[in-house]
Amino acid sequence: MNRLAVSTHERATTQDIHETTRQLVSGLGVTAVSFLAGAKDSKQASKWQRADGPNPRDKAAARLIAAHRAWQTLSSAENEYVARNWFIGANPRLGERSPLEVLREGEVTLTLQAAQAFVEGTDG
């Protein structure tokens, strides 16, 4: 079992969803985080990141947690710049879709596998 995967899973599942959202917004921006979570409002993540803000619905929360796991995997192995580019760019492992799109479609496992393959250098 991959220690990095276990570590990012533990952090993402034990951390408050507002903090998870705040960290993602810090790295990816409000619009991108709202998009990947499936929100209709492009600024919704700005509400979710507030400590006293509303909680996202379960499906959105699951996408946020998965995105946080992928973000931690990539930014730990590379840096935040690489992680951001990975999230917004077309990815051959994802049928030339961006990880933002794939997460929005609910394909969590595929996204996490692609992030892991990238950091392991098996992305090609």
# chains A, B, ... in the order shown; residues from 1 in each chain; ligands from 1
>>> residues_around(residues="range 29-35 of chain A", least_positions_apart="3", cutoff="8 Å", atoms="only C-alpha atoms", output="PyMOL selection string")
chain A and resi 21+24-26+38-46+64+100-101+104
>>> closest_residue(among="A:Leu110, A:Leu94, A:Ala83, A:Ile88", to="His68 in chain A", atoms="only C-alpha atoms")
A:Ala83
>>> residues_around(residues="range 16-20 of chain A", least_positions_apart="5", cutoff="7 Å", atoms="only C-alpha atoms", output="number ranges by chain")
A: 48-51, 68
>>> write_last_selection(atoms="N, CA and C atoms", output="compact mmCIF listing (two decimals), in the first residue's frame")
# COMPACT_ATOMS: atom_id res chain seq x y z
N TRP A 48 -18.41 27.80 1.08
CA TRP A 48 -18.03 26.56 1.76
C TRP A 48 -16.74 26.70 2.56
N GLN A 49 -15.85 27.59 2.14
CA GLN A 49 -14.56 27.70 2.82
C GLN A 49 -14.63 28.46 4.15
N ARG A 50 -15.70 29.19 4.36
CA ARG A 50 -15.86 29.91 5.62
C ARG A 50 -16.17 28.94 6.76
N ALA A 51 -15.55 29.13 7.89
CA ALA A 51 -15.77 28.25 9.05
C ALA A 51 -17.24 28.20 9.44
N HIS A 68 -8.78 17.22 -2.82
CA HIS A 68 -7.77 17.53 -1.81
C HIS A 68 -6.72 16.43 -1.75
>>> atom_distance(atom1="CA of Thr14 in chain A", atom2="CA of Ile65 in chain A")
10.0 Å
>>> closest_residue(among="A:Gly121, A:Phe87, A:Thr111, A:Ala37", to="Ser75 in chain A", atoms="only C-alpha atoms")
A:Phe87
>>> select_by_dssp(residues="range 1-117 of chain A", states="helix (DSSP H, G or I)", output="number ranges by chain")
A: 3-14, 17-28, 30-37, 44-48, 58-77, 80-88, 92-94, 99-104, 108-117
>>> write_last_selection(atoms="C-alpha atoms", output="PDB file, in the first residue's frame")
ATOM      1  CA  ARG A   3       2.141   5.515   2.173  1.00  0.00           C
ATOM      2  CA  LEU A   4       1.489   8.823   0.426  1.00  0.00           C
ATOM      3  CA  ALA A   5      -1.986   7.659  -0.628  1.00  0.00           C
ATOM      4  CA  VAL A   6      -2.797   6.549   2.911  1.00  0.00           C
ATOM      5  CA  SER A   7      -1.465   9.789   4.376  1.00  0.00           C
ATOM      6  CA  THR A   8      -3.441  12.021   2.002  1.00  0.00           C
ATOM      7  CA  HIS A   9      -6.565   9.932   2.621  1.00  0.00           C
ATOM      8  CA  GLU A  10      -6.213  10.317   6.395  1.00  0.00           C
ATOM      9  CA  ARG A  11      -5.698  14.081   6.152  1.00  0.00           C
ATOM     10  CA  ALA A  12      -8.562  14.603   3.731  1.00  0.00           C
ATOM     11  CA  THR A  13     -11.065  12.537   5.683  1.00  0.00           C
ATOM     12  CA  THR A  14     -10.250  13.864   9.151  1.00  0.00           C
ATOM     13  CA  ILE A  17     -14.651  20.245   4.996  1.00  0.00           C
ATOM     14  CA  HIS A  18     -14.439  24.043   5.325  1.00  0.00           C
ATOM     15  CA  GLU A  19     -10.657  23.821   5.782  1.00  0.00           C
ATOM     16  CA  THR A  20     -10.382  21.335   2.914  1.00  0.00           C
ATOM     17  CA  THR A  21     -12.254  23.772   0.687  1.00  0.00           C
ATOM     18  CA  ARG A  22     -10.160  26.721   1.882  1.00  0.00           C
ATOM     19  CA  GLN A  23      -6.933  24.915   0.996  1.00  0.00           C
ATOM     20  CA  LEU A  24      -8.236  23.971  -2.446  1.00  0.00           C
ATOM     21  CA  VAL A  25      -9.417  27.534  -3.093  1.00  0.00           C
ATOM     22  CA  SER A  26      -5.981  28.792  -2.087  1.00  0.00           C
ATOM     23  CA  GLY A  27      -4.355  26.598  -4.709  1.00  0.00           C
ATOM     24  CA  LEU A  28      -6.923  26.411  -7.487  1.00  0.00           C
ATOM     25  CA  VAL A  30     -12.878  29.751  -6.188  1.00  0.00           C
ATOM     26  CA  THR A  31     -14.211  29.161  -9.699  1.00  0.00           C
ATOM     27  CA  ALA A  32     -12.195  25.979 -10.304  1.00  0.00           C
ATOM     28  CA  VAL A  33     -13.132  24.508  -6.916  1.00  0.00           C
ATOM     29  CA  SER A  34     -16.807  25.356  -7.390  1.00  0.00           C
ATOM     30  CA  PHE A  35     -16.667  23.755 -10.845  1.00  0.00           C
ATOM     31  CA  LEU A  36     -14.999  20.499  -9.779  1.00  0.00           C
ATOM     32  CA  ALA A  37     -17.471  20.134  -6.916  1.00  0.00           C
ATOM     33  CA  GLN A  44     -20.085  28.615  -4.125  1.00  0.00           C
ATOM     34  CA  ALA A  45     -16.693  27.457  -2.835  1.00  0.00           C
ATOM     35  CA  SER A  46     -16.163  30.895  -1.277  1.00  0.00           C
ATOM     36  CA  LYS A  47     -19.150  30.117   0.975  1.00  0.00           C
ATOM     37  CA  TRP A  48     -18.026  26.561   1.764  1.00  0.00           C
ATOM     38  CA  ASP A  58     -22.525  14.860   0.056  1.00  0.00           C
ATOM     39  CA  LYS A  59     -21.598  14.455  -3.626  1.00  0.00           C
ATOM     40  CA  ALA A  60     -19.847  17.821  -3.678  1.00  0.00           C
ATOM     41  CA  ALA A  61     -18.044  17.016  -0.420  1.00  0.00           C
ATOM     42  CA  ALA A  62     -16.840  13.697  -1.861  1.00  0.00           C
ATOM     43  CA  ARG A  63     -15.422  15.521  -4.884  1.00  0.00           C
ATOM     44  CA  LEU A  64     -13.746  18.110  -2.658  1.00  0.00           C
ATOM     45  CA  ILE A  65     -12.154  15.398  -0.520  1.00  0.00           C
ATOM     46  CA  ALA A  66     -10.896  13.562  -3.606  1.00  0.00           C
ATOM     47  CA  ALA A  67      -9.550  16.797  -5.076  1.00  0.00           C
ATOM     48  CA  HIS A  68      -7.775  17.531  -1.809  1.00  0.00           C
ATOM     49  CA  ARG A  69      -6.179  14.069  -1.856  1.00  0.00           C
ATOM     50  CA  ALA A  70      -4.957  14.593  -5.414  1.00  0.00           C
ATOM     51  CA  TRP A  71      -3.755  18.115  -4.558  1.00  0.00           C
ATOM     52  CA  GLN A  72      -1.780  16.870  -1.554  1.00  0.00           C
ATOM     53  CA  THR A  73      -0.291  14.016  -3.588  1.00  0.00           C
ATOM     54  CA  LEU A  74       0.867  16.344  -6.356  1.00  0.00           C
ATOM     55  CA  SER A  75       1.975  19.330  -4.287  1.00  0.00           C
ATOM     56  CA  SER A  76       3.915  17.094  -1.868  1.00  0.00           C
ATOM     57  CA  ALA A  77       5.752  15.275  -4.653  1.00  0.00           C
ATOM     58  CA  GLU A  80       1.780  23.850  -5.997  1.00  0.00           C
ATOM     59  CA  TYR A  81       2.494  25.274  -9.465  1.00  0.00           C
ATOM     60  CA  VAL A  82       2.760  21.780 -10.956  1.00  0.00           C
ATOM     61  CA  ALA A  83      -0.330  20.658  -9.032  1.00  0.00           C
ATOM     62  CA  ARG A  84      -2.393  23.570 -10.368  1.00  0.00           C
ATOM     63  CA  ASN A  85      -1.260  22.929 -13.944  1.00  0.00           C
ATOM     64  CA  TRP A  86      -2.068  19.234 -13.564  1.00  0.00           C
ATOM     65  CA  PHE A  87      -5.619  20.021 -12.424  1.00  0.00           C
ATOM     66  CA  ILE A  88      -6.449  22.471 -15.206  1.00  0.00           C
ATOM     67  CA  PRO A  92      -3.982  11.747 -21.598  1.00  0.00           C
ATOM     68  CA  ARG A  93      -4.813   9.347 -18.742  1.00  0.00           C
ATOM     69  CA  LEU A  94      -8.225  10.987 -18.514  1.00  0.00           C
ATOM     70  CA  PRO A  99      -8.943  16.509 -13.784  1.00  0.00           C
ATOM     71  CA  LEU A 100     -11.355  19.344 -12.921  1.00  0.00           C
ATOM     72  CA  GLU A 101     -13.830  17.978 -15.477  1.00  0.00           C
ATOM     73  CA  VAL A 102     -13.323  14.360 -14.454  1.00  0.00           C
ATOM     74  CA  LEU A 103     -13.917  15.173 -10.792  1.00  0.00           C
ATOM     75  CA  ARG A 104     -17.047  17.161 -11.662  1.00  0.00           C
ATOM     76  CA  VAL A 108     -12.932  10.068  -8.282  1.00  0.00           C
ATOM     77  CA  THR A 109     -10.989   6.806  -8.593  1.00  0.00           C
ATOM     78  CA  LEU A 110      -9.783   7.614 -12.090  1.00  0.00           C
ATOM     79  CA  THR A 111      -8.587  11.048 -10.959  1.00  0.00           C
ATOM     80  CA  LEU A 112      -6.715   9.690  -7.944  1.00  0.00           C
ATOM     81  CA  GLN A 113      -5.079   6.986 -10.070  1.00  0.00           C
ATOM     82  CA  ALA A 114      -3.958   9.601 -12.595  1.00  0.00           C
ATOM     83  CA  ALA A 115      -2.450  11.774  -9.844  1.00  0.00           C
ATOM     84  CA  GLN A 116      -0.603   8.789  -8.386  1.00  0.00           C
ATOM     85  CA  ALA A 117       0.691   7.750 -11.823  1.00  0.00           C
TER      86      ALA A 117
END
>>> atom_distance(atom1="CA of Gly106 in chain A", atom2="CA of Gly89 in chain A")
17.6 Å
>>> atom_distance(atom1="CA of Glu96 in chain A", atom2="CA of Glu78 in chain A")
21.3 Å
